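One file, start.csv, carrying CSV, C-alpha atoms:
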```csv
chain,number,residue,atom,x,y,z
A,457,ASN,CA,-22.2,84.1,48.5
A,458,GLY,CA,-19.1,81.9,48.0
A,459,ALA,CA,-18.1,81.2,44.4
A,460,GLY,CA,-21.4,82.3,42.9
A,461,VAL,CA,-25.2,82.0,42.8
A,462,ALA,CA,-27.3,79.3,41.2
A,463,ILE,CA,-31.0,80.0,40.5
A,464,LEU,CA,-32.6,76.5,41.0
A,465,ASN,CA,-35.9,76.6,42.8
A,466,ILE,CA,-37.4,80.1,42.0
A,467,GLY,CA,-39.4,80.3,38.8
A,468,GLN,CA,-38.7,84.0,38.0
A,469,VAL,CA,-36.3,86.6,39.5
A,470,ASP,CA,-36.6,90.3,38.7
A,471,VAL,CA,-33.5,92.4,39.4
A,472,ASP,CA,-32.7,96.1,38.7
A,473,SER,CA,-29.0,95.6,38.3
A,474,LEU,CA,-26.6,92.7,38.5
A,475,ILE,CA,-22.8,92.7,39.0
A,476,VAL,CA,-20.8,89.5,38.5
A,477,ASN,CA,-17.4,90.0,40.1
A,478,SER,CA,-14.2,88.4,38.8
A,479,GLY,CA,-14.1,84.7,39.7
A,480,LYS,CA,-17.8,84.6,40.5
A,481,PHE,CA,-20.8,83.3,38.5
A,482,ILE,CA,-24.6,83.2,38.3
A,483,GLU,CA,-26.1,80.0,37.0
A,484,LEU,CA,-29.7,79.5,35.7
A,485,SER,CA,-31.1,76.1,35.4
A,486,SER,CA,-33.9,74.9,33.0
A,487,ARG,CA,-37.2,76.8,33.0
A,488,LYS,CA,-35.8,79.6,35.2
A,489,ILE,CA,-36.3,83.2,34.2
A,490,LEU,CA,-34.1,86.2,35.1
A,491,HIS,CA,-35.1,89.7,34.2
A,492,VAL,CA,-32.4,92.3,34.7
A,493,ASN,CA,-32.3,96.0,33.8
A,494,GLN,CA,-28.5,96.2,33.6
A,495,ILE,CA,-25.7,93.6,33.9
A,496,ILE,CA,-22.0,94.1,34.5
A,497,ASN,CA,-20.1,90.9,34.0
A,498,ASN,CA,-16.5,91.0,35.2
A,499,ALA,CA,-16.0,87.3,35.1
A,500,GLY,CA,-16.1,86.7,31.3
A,501,VAL,CA,-17.7,83.7,29.7
A,502,THR,CA,-17.9,81.7,33.0
A,503,GLY,CA,-19.7,84.5,34.8
A,504,ILE,CA,-23.1,83.9,33.3
A,505,MET,CA,-24.1,80.2,32.8
A,506,LEU,CA,-27.4,79.1,31.2
A,507,LYS,CA,-27.7,75.3,31.8
A,508,SER,CA,-29.6,72.9,29.7
A,509,ASN,CA,-31.1,69.4,29.8
A,510,TYR,CA,-33.0,67.0,27.5
A,511,THR,CA,-36.4,67.2,29.0
A,512,ALA,CA,-37.1,70.9,29.8
A,513,PRO,CA,-36.8,74.3,28.1
A,514,ASN,CA,-33.7,76.3,28.5
A,515,PRO,CA,-33.6,79.1,31.1
A,516,THR,CA,-34.5,82.7,30.0
A,517,LEU,CA,-32.3,85.7,30.5
A,518,VAL,CA,-33.7,89.1,29.6
A,519,TYR,CA,-31.6,92.3,30.1
A,520,ASN,CA,-31.5,95.8,28.7
A,521,ASN,CA,-27.8,96.6,28.3
A,522,ALA,CA,-26.9,99.1,25.6
A,523,ILE,CA,-25.3,97.7,22.5
A,524,SER,CA,-22.0,99.2,23.6
A,525,ASN,CA,-22.2,97.3,26.8
A,526,ALA,CA,-22.3,93.7,25.5
A,527,ILE,CA,-21.7,90.9,28.0
A,528,GLU,CA,-20.2,87.4,27.7
A,529,GLY,CA,-21.6,84.1,28.9
A,530,THR,CA,-22.0,80.4,28.3
A,531,VAL,CA,-25.2,78.9,27.0
A,532,GLU,CA,-25.6,75.1,26.9
A,533,LEU,CA,-27.5,73.4,24.1
A,534,ALA,CA,-28.9,69.9,24.7
A,535,THR,CA,-28.6,68.3,21.3
A,536,LYS,CA,-30.8,65.2,20.8
A,537,GLY,CA,-29.4,64.3,17.3
A,538,ASN,CA,-28.2,60.7,17.3
A,539,LEU,CA,-27.5,57.7,15.2
A,540,ALA,CA,-30.2,55.0,15.3
A,541,ASN,CA,-30.7,51.9,13.1
A,542,GLY,CA,-28.2,53.3,10.6
A,543,ASN,CA,-29.9,56.7,10.2
A,544,TYR,CA,-28.9,60.0,11.7
A,545,ASN,CA,-31.5,62.0,13.6
A,546,TRP,CA,-30.9,65.7,12.8
A,547,GLN,CA,-31.8,68.7,15.0
A,548,PHE,CA,-32.4,72.2,13.9
A,549,VAL,CA,-30.3,74.6,16.1
A,550,GLY,CA,-29.2,78.2,16.3
A,551,LEU,CA,-26.0,79.7,17.7
A,552,PRO,CA,-26.8,81.2,21.2
A,553,VAL,CA,-23.8,83.6,21.0
A,554,ALA,CA,-22.6,86.2,18.5
A,555,GLU,CA,-20.2,83.9,16.7
A,556,PHE,CA,-18.4,80.6,17.4
A,557,SER,CA,-15.4,79.0,15.8
A,558,LYS,CA,-15.2,75.3,15.2
A,559,ARG,CA,-11.5,75.4,15.8
A,560,ASN,CA,-11.9,75.4,19.6
A,561,GLY,CA,-12.9,71.7,19.5
A,562,VAL,CA,-16.2,72.0,21.4
A,563,LEU,CA,-18.1,70.6,18.4
A,564,ALA,CA,-15.7,67.6,17.9
A,565,GLY,CA,-17.7,64.5,17.4
A,566,SER,CA,-20.8,66.3,16.1
A,567,TYR,CA,-21.7,67.0,12.4
A,568,MET,CA,-23.0,70.5,11.5
A,569,ARG,CA,-24.5,71.6,8.2
A,570,GLN,CA,-26.3,74.6,6.8
A,571,PHE,CA,-29.0,75.2,4.2
A,572,ASN,CA,-27.9,76.1,0.7
A,573,GLU,CA,-30.6,78.4,-0.8
A,574,ALA,CA,-28.9,78.3,-4.2
A,575,ALA,CA,-29.1,74.5,-4.6
A,576,VAL,CA,-30.6,73.0,-7.7
A,577,VAL,CA,-32.0,69.5,-7.0
A,578,ASP,CA,-34.0,69.0,-10.2
A,579,GLY,CA,-32.9,68.4,-13.8
A,580,SER,CA,-29.5,67.5,-15.1
A,581,ILE,CA,-27.6,69.8,-12.6
A,582,VAL,CA,-27.9,68.7,-9.0
A,583,THR,CA,-26.3,70.4,-6.0
A,584,SER,CA,-26.9,69.6,-2.4
A,585,PRO,CA,-29.3,71.7,-0.4
A,586,TRP,CA,-27.1,71.1,2.6
A,587,THR,CA,-23.5,72.1,2.9
A,588,PRO,CA,-20.9,71.6,5.7
A,589,VAL,CA,-20.6,74.5,8.1
A,590,SER,CA,-17.7,76.8,7.5
A,591,GLU,CA,-15.1,77.5,10.2
A,592,VAL,CA,-17.1,80.3,11.9
A,593,MET,CA,-20.8,79.9,12.8
A,594,GLN,CA,-22.9,83.1,12.8
A,595,ALA,CA,-25.8,84.2,15.0
A,596,PHE,CA,-29.4,84.0,13.7
A,597,ARG,CA,-28.5,81.5,11.0
A,598,GLY,CA,-30.1,78.1,11.2
A,599,TYR,CA,-28.0,75.0,11.3
A,600,MET,CA,-28.6,71.2,11.7
A,601,ILE,CA,-26.6,69.1,14.1
A,602,THR,CA,-26.2,65.4,14.8
A,603,GLN,CA,-23.8,62.9,16.4
A,604,ALA,CA,-23.6,59.3,17.4
A,605,ASN,CA,-25.3,60.0,20.8
A,606,PRO,CA,-27.1,63.0,22.3
A,607,ARG,CA,-24.8,65.5,24.1
A,608,ILE,CA,-24.9,68.8,25.9
A,609,ILE,CA,-22.7,71.4,24.1
A,610,PRO,CA,-21.5,74.6,25.9
A,611,PHE,CA,-21.4,77.7,23.6
A,612,ALA,CA,-19.2,80.5,25.1
A,613,GLY,CA,-19.1,84.0,23.7
A,614,THR,CA,-20.8,87.3,23.5
A,615,LEU,CA,-24.5,87.2,24.2
A,616,ASN,CA,-27.1,88.8,21.8
A,617,ASN,CA,-29.6,91.4,23.0
A,618,GLN,CA,-29.9,94.0,20.3
A,619,SER,CA,-32.3,94.3,17.3
A,620,GLN,CA,-31.1,92.4,14.2
A,621,VAL,CA,-31.4,93.2,10.5
A,622,ILE,CA,-31.0,90.0,8.6
A,623,ASN,CA,-30.3,90.0,4.8
A,624,LEU,CA,-32.1,87.1,3.2
A,625,ALA,CA,-30.7,85.1,0.2
A,626,TYR,CA,-32.6,85.2,-3.1
A,627,SER,CA,-30.5,83.6,-5.8
A,628,THR,CA,-31.1,84.6,-9.5
A,629,SER,CA,-28.8,82.0,-11.0
A,630,ASP,CA,-29.7,79.9,-14.0
A,631,PRO,CA,-31.0,77.2,-13.7
A,632,GLN,CA,-33.4,78.6,-11.1
A,633,PRO,CA,-32.6,77.3,-7.6
A,634,THR,CA,-35.2,74.8,-6.3
A,635,TYR,CA,-35.6,76.6,-3.0
A,636,ARG,CA,-35.0,80.1,-4.2
A,637,GLY,CA,-35.8,82.6,-1.4
A,638,LEU,CA,-36.2,80.0,1.3
A,639,ASN,CA,-34.0,81.0,4.3
A,640,LEU,CA,-33.3,79.0,7.4
A,641,LEU,CA,-32.9,81.3,10.4
A,642,ALA,CA,-32.7,80.8,14.2
A,643,ASN,CA,-33.3,82.5,17.5
A,644,SER,CA,-30.0,83.5,18.9
A,645,PHE,CA,-31.3,85.4,21.9
A,646,THR,CA,-31.3,84.1,25.5
A,647,ALA,CA,-35.1,84.4,25.5
A,648,ALA,CA,-38.0,83.4,23.3
A,649,LEU,CA,-39.0,85.5,20.3
A,650,ASN,CA,-42.4,87.1,20.0
A,651,ILE,CA,-42.9,86.0,16.4
A,652,PRO,CA,-45.7,88.5,15.6
A,653,ASN,CA,-43.2,91.3,16.3
A,654,LEU,CA,-40.9,90.2,13.4
A,655,LEU,CA,-40.8,92.8,10.7
A,656,PHE,CA,-40.6,91.8,7.0
A,657,SER,CA,-39.4,94.1,4.3
A,658,ALA,CA,-41.4,94.7,1.1
A,659,GLY,CA,-41.4,91.7,-1.2
A,660,VAL,CA,-40.9,89.2,1.5
A,661,ILE,CA,-43.7,86.8,2.3
A,662,ASN,CA,-44.3,87.1,6.1
A,663,GLU,CA,-44.6,83.4,6.8
A,664,VAL,CA,-42.6,81.6,9.6
A,665,TYR,CA,-42.3,77.8,9.9
A,666,LEU,CA,-41.0,76.1,13.1
A,667,PHE,CA,-39.1,72.9,12.1
A,668,ASN,CA,-38.8,69.9,14.4
A,669,THR,CA,-36.1,67.4,14.9
A,670,GLY,CA,-36.4,64.4,12.6
A,671,TYR,CA,-34.9,61.7,10.5
A,672,ARG,CA,-34.4,62.2,6.8
A,673,ASN,CA,-37.3,59.9,5.9
A,674,SER,CA,-39.7,61.7,8.2
A,675,THR,CA,-38.9,65.0,6.6
A,676,GLN,CA,-39.8,63.6,3.2
A,677,ASP,CA,-43.1,62.0,4.2
A,678,PRO,CA,-45.8,64.1,2.3
A,679,SER,CA,-48.5,62.9,4.7
A,680,THR,CA,-46.9,64.6,7.7
A,681,THR,CA,-46.0,68.0,6.5
A,682,SER,CA,-47.4,70.0,9.4
A,683,GLY,CA,-47.7,69.3,13.1
A,684,GLU,CA,-45.6,68.5,16.1
A,685,ASN,CA,-44.2,65.1,15.1
A,686,ALA,CA,-40.5,64.5,14.2
A,687,GLY,CA,-39.4,65.9,10.9
A,688,VAL,CA,-42.3,68.2,10.3
A,689,TYR,CA,-43.1,71.8,11.1
A,690,LEU,CA,-45.6,74.2,12.6
A,691,VAL,CA,-46.9,77.2,10.6
A,692,VAL,CA,-46.9,80.4,12.7
```

Render the structure in this file as structure tokens.
Amino acid sequence: NGAGVAILNIGQVDVDSLIVNSGKFIELSSRKILHVNQIINNAGVTGIMLKSNYTAPNPTLVYNNAISNAIEGTVELATKGNLANGNYNWQFVGLPVAEFSKRNGVLAGSYMRQFNEAAVVDGSIVTSPWTPVSEVMQAFRGYMITQANPRIIPFAGTLNNQSQVINLAYSTSDPQPTYRGLNLLANSFTAALNIPNLLFSAGVINEVYLFNTGYRNSTQDPSTTSGENAGVYLVV
């Protein structure tokens, strides 16, 4: 098959086992679905490629490897954040690999920030609810990204396919944080989440909100708090 295989025109492919030899690759374009029981990837991060564009959902990769048999790949993220009329349009994103270092330069030109659950934005003490992203980004944590113009960013690393236990922040500092207990999370799998299957521990309110891309002003408009418009959210 030459250098590799690209799944372009078939909606869904089901395979019992897949071996990607060194120097080869398999590439999935937008909307394509690949179900595999077991994957052996001998080509590293270039062996499995999930492509992205601005107008269609990302491809889906579902596989059943054991945790001890993790695989590497590259997942593209089409980021629509941009600068328009002097305002930045921010996009909520998640890391599609286990972890990612900003030192490799892939994110150069983009601005990343993360939610600060311990922030106090009322009273005499004011701290920002958003802070710059540290050197290493972590899977399943929610981030916001923007830049001067939309761009497609490749994230290379170890893919996620195991169950996750996520410790949520709940600050008890004084004065009380304005958004105490509010956590911004993300889907870091290569497939969609079945939200009703999420398990919440005792004491956690089992509510999930899906946030949309938007400008700062659109996120603060009290008349558009829920829906599919920019800057608002859907309650699941």

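Proximity to Phe481 (chain A) was assessed for A:Gly529, A:Gln468, A:Pro515, A:Leu641 counting all atoms listed in the file; the smallest distance is recorded for A:Gly529.
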
With 12 Å as the threshold, what does the neighbourhood of (-28.1, 79.2, 29.2) contain in terms of residues, counting all atoms listed in the file? Coordinates are those of the file; answer as a short mmCIF file (atom, residue, chain, number, x, y, z; two decimals) with C-alpha atoms, in the coordinates of the input.
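Printed below is result.cif as written:
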```
data_model
loop_
_atom_site.label_atom_id
_atom_site.label_comp_id
_atom_site.auth_asym_id
_atom_site.auth_seq_id
_atom_site.Cartn_x
_atom_site.Cartn_y
_atom_site.Cartn_z
CA ILE A 463 -31.00 80.00 40.50
CA ILE A 482 -24.60 83.20 38.30
CA GLU A 483 -26.10 80.00 37.00
CA LEU A 484 -29.70 79.50 35.70
CA SER A 485 -31.10 76.10 35.40
CA SER A 486 -33.90 74.90 33.00
CA ARG A 487 -37.20 76.80 33.00
CA LYS A 488 -35.80 79.60 35.20
CA ILE A 489 -36.30 83.20 34.20
CA LEU A 490 -34.10 86.20 35.10
CA VAL A 501 -17.70 83.70 29.70
CA THR A 502 -17.90 81.70 33.00
CA GLY A 503 -19.70 84.50 34.80
CA ILE A 504 -23.10 83.90 33.30
CA MET A 505 -24.10 80.20 32.80
CA LEU A 506 -27.40 79.10 31.20
CA LYS A 507 -27.70 75.30 31.80
CA SER A 508 -29.60 72.90 29.70
CA ASN A 509 -31.10 69.40 29.80
CA PRO A 513 -36.80 74.30 28.10
CA ASN A 514 -33.70 76.30 28.50
CA PRO A 515 -33.60 79.10 31.10
CA THR A 516 -34.50 82.70 30.00
CA LEU A 517 -32.30 85.70 30.50
CA VAL A 518 -33.70 89.10 29.60
CA GLU A 528 -20.20 87.40 27.70
CA GLY A 529 -21.60 84.10 28.90
CA THR A 530 -22.00 80.40 28.30
CA VAL A 531 -25.20 78.90 27.00
CA GLU A 532 -25.60 75.10 26.90
CA LEU A 533 -27.50 73.40 24.10
CA ALA A 534 -28.90 69.90 24.70
CA LEU A 551 -26.00 79.70 17.70
CA PRO A 552 -26.80 81.20 21.20
CA VAL A 553 -23.80 83.60 21.00
CA ILE A 608 -24.90 68.80 25.90
CA ILE A 609 -22.70 71.40 24.10
CA PRO A 610 -21.50 74.60 25.90
CA PHE A 611 -21.40 77.70 23.60
CA ALA A 612 -19.20 80.50 25.10
CA GLY A 613 -19.10 84.00 23.70
CA LEU A 615 -24.50 87.20 24.20
CA SER A 644 -30.00 83.50 18.90
CA PHE A 645 -31.30 85.40 21.90
CA THR A 646 -31.30 84.10 25.50
CA ALA A 647 -35.10 84.40 25.50
#
```

*asked:* Please list as JSON, numbers by chain every residue within 12 Å of Leu638 (chain A), counting all atoms listed in the file and excluding residues in the same chain fewer than 3 positions away.
replied: {"A": [571, 572, 573, 574, 575, 585, 598, 624, 625, 626, 627, 633, 634, 635, 641, 660, 661, 662, 663, 664, 665]}

Generate the output file for the selected residues, C-alpha atoms, as a PDB file, keeping the file's coordinate frame.
```pdb
ATOM      1  CA  PHE A 571     -29.000  75.200   4.200  1.00  0.00           C
ATOM      2  CA  ASN A 572     -27.900  76.100   0.700  1.00  0.00           C
ATOM      3  CA  GLU A 573     -30.600  78.400  -0.800  1.00  0.00           C
ATOM      4  CA  ALA A 574     -28.900  78.300  -4.200  1.00  0.00           C
ATOM      5  CA  ALA A 575     -29.100  74.500  -4.600  1.00  0.00           C
ATOM      6  CA  PRO A 585     -29.300  71.700  -0.400  1.00  0.00           C
ATOM      7  CA  GLY A 598     -30.100  78.100  11.200  1.00  0.00           C
ATOM      8  CA  LEU A 624     -32.100  87.100   3.200  1.00  0.00           C
ATOM      9  CA  ALA A 625     -30.700  85.100   0.200  1.00  0.00           C
ATOM     10  CA  TYR A 626     -32.600  85.200  -3.100  1.00  0.00           C
ATOM     11  CA  SER A 627     -30.500  83.600  -5.800  1.00  0.00           C
ATOM     12  CA  PRO A 633     -32.600  77.300  -7.600  1.00  0.00           C
ATOM     13  CA  THR A 634     -35.200  74.800  -6.300  1.00  0.00           C
ATOM     14  CA  TYR A 635     -35.600  76.600  -3.000  1.00  0.00           C
ATOM     15  CA  LEU A 641     -32.900  81.300  10.400  1.00  0.00           C
ATOM     16  CA  VAL A 660     -40.900  89.200   1.500  1.00  0.00           C
ATOM     17  CA  ILE A 661     -43.700  86.800   2.300  1.00  0.00           C
ATOM     18  CA  ASN A 662     -44.300  87.100   6.100  1.00  0.00           C
ATOM     19  CA  GLU A 663     -44.600  83.400   6.800  1.00  0.00           C
ATOM     20  CA  VAL A 664     -42.600  81.600   9.600  1.00  0.00           C
ATOM     21  CA  TYR A 665     -42.300  77.800   9.900  1.00  0.00           C
TER      22      TYR A 665
END
```

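Among the candidate residues A:Ala499, A:Ile622, A:Met600, A:Val469, the one lying nearest to Asn545 (chain A) is A:Met600, with distances computed using all atoms listed in the file.
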
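Straight-line separation from CA of Ala526 (chain A) to CA of Leu640 (chain A): 25.8 Å.
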
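Computed from the coordinates, the CA of Lys558 (chain A) to CA of Gln618 (chain A) distance equals 24.3 Å.
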
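Among the candidate residues A:Leu690, A:Ala554, A:Ile496, A:Ile581, the one lying nearest to Met593 (chain A) is A:Ala554, with distances computed using only C-alpha atoms.
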
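Closest approach to Pro631 (chain A) from the set A:Val576, A:Val589, A:Leu649, A:Ile495 is made by A:Val576, with distances taken over all atoms listed in the file.
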
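Note that CA of Asn541 (chain A) and CA of Arg569 (chain A) are 21.2 Å apart.
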
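Here the question is which of A:Thr583, A:Phe548, A:Thr535, A:Val692 gets nearest to Asn650 (chain A) using all atoms listed in the file, and that residue is A:Val692.
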
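Checking A:Asn639, A:Asn617, A:Ala564, A:Val592 one by one against Gln494 (chain A), counting only C-alpha atoms, you find the shortest gap at A:Asn617.
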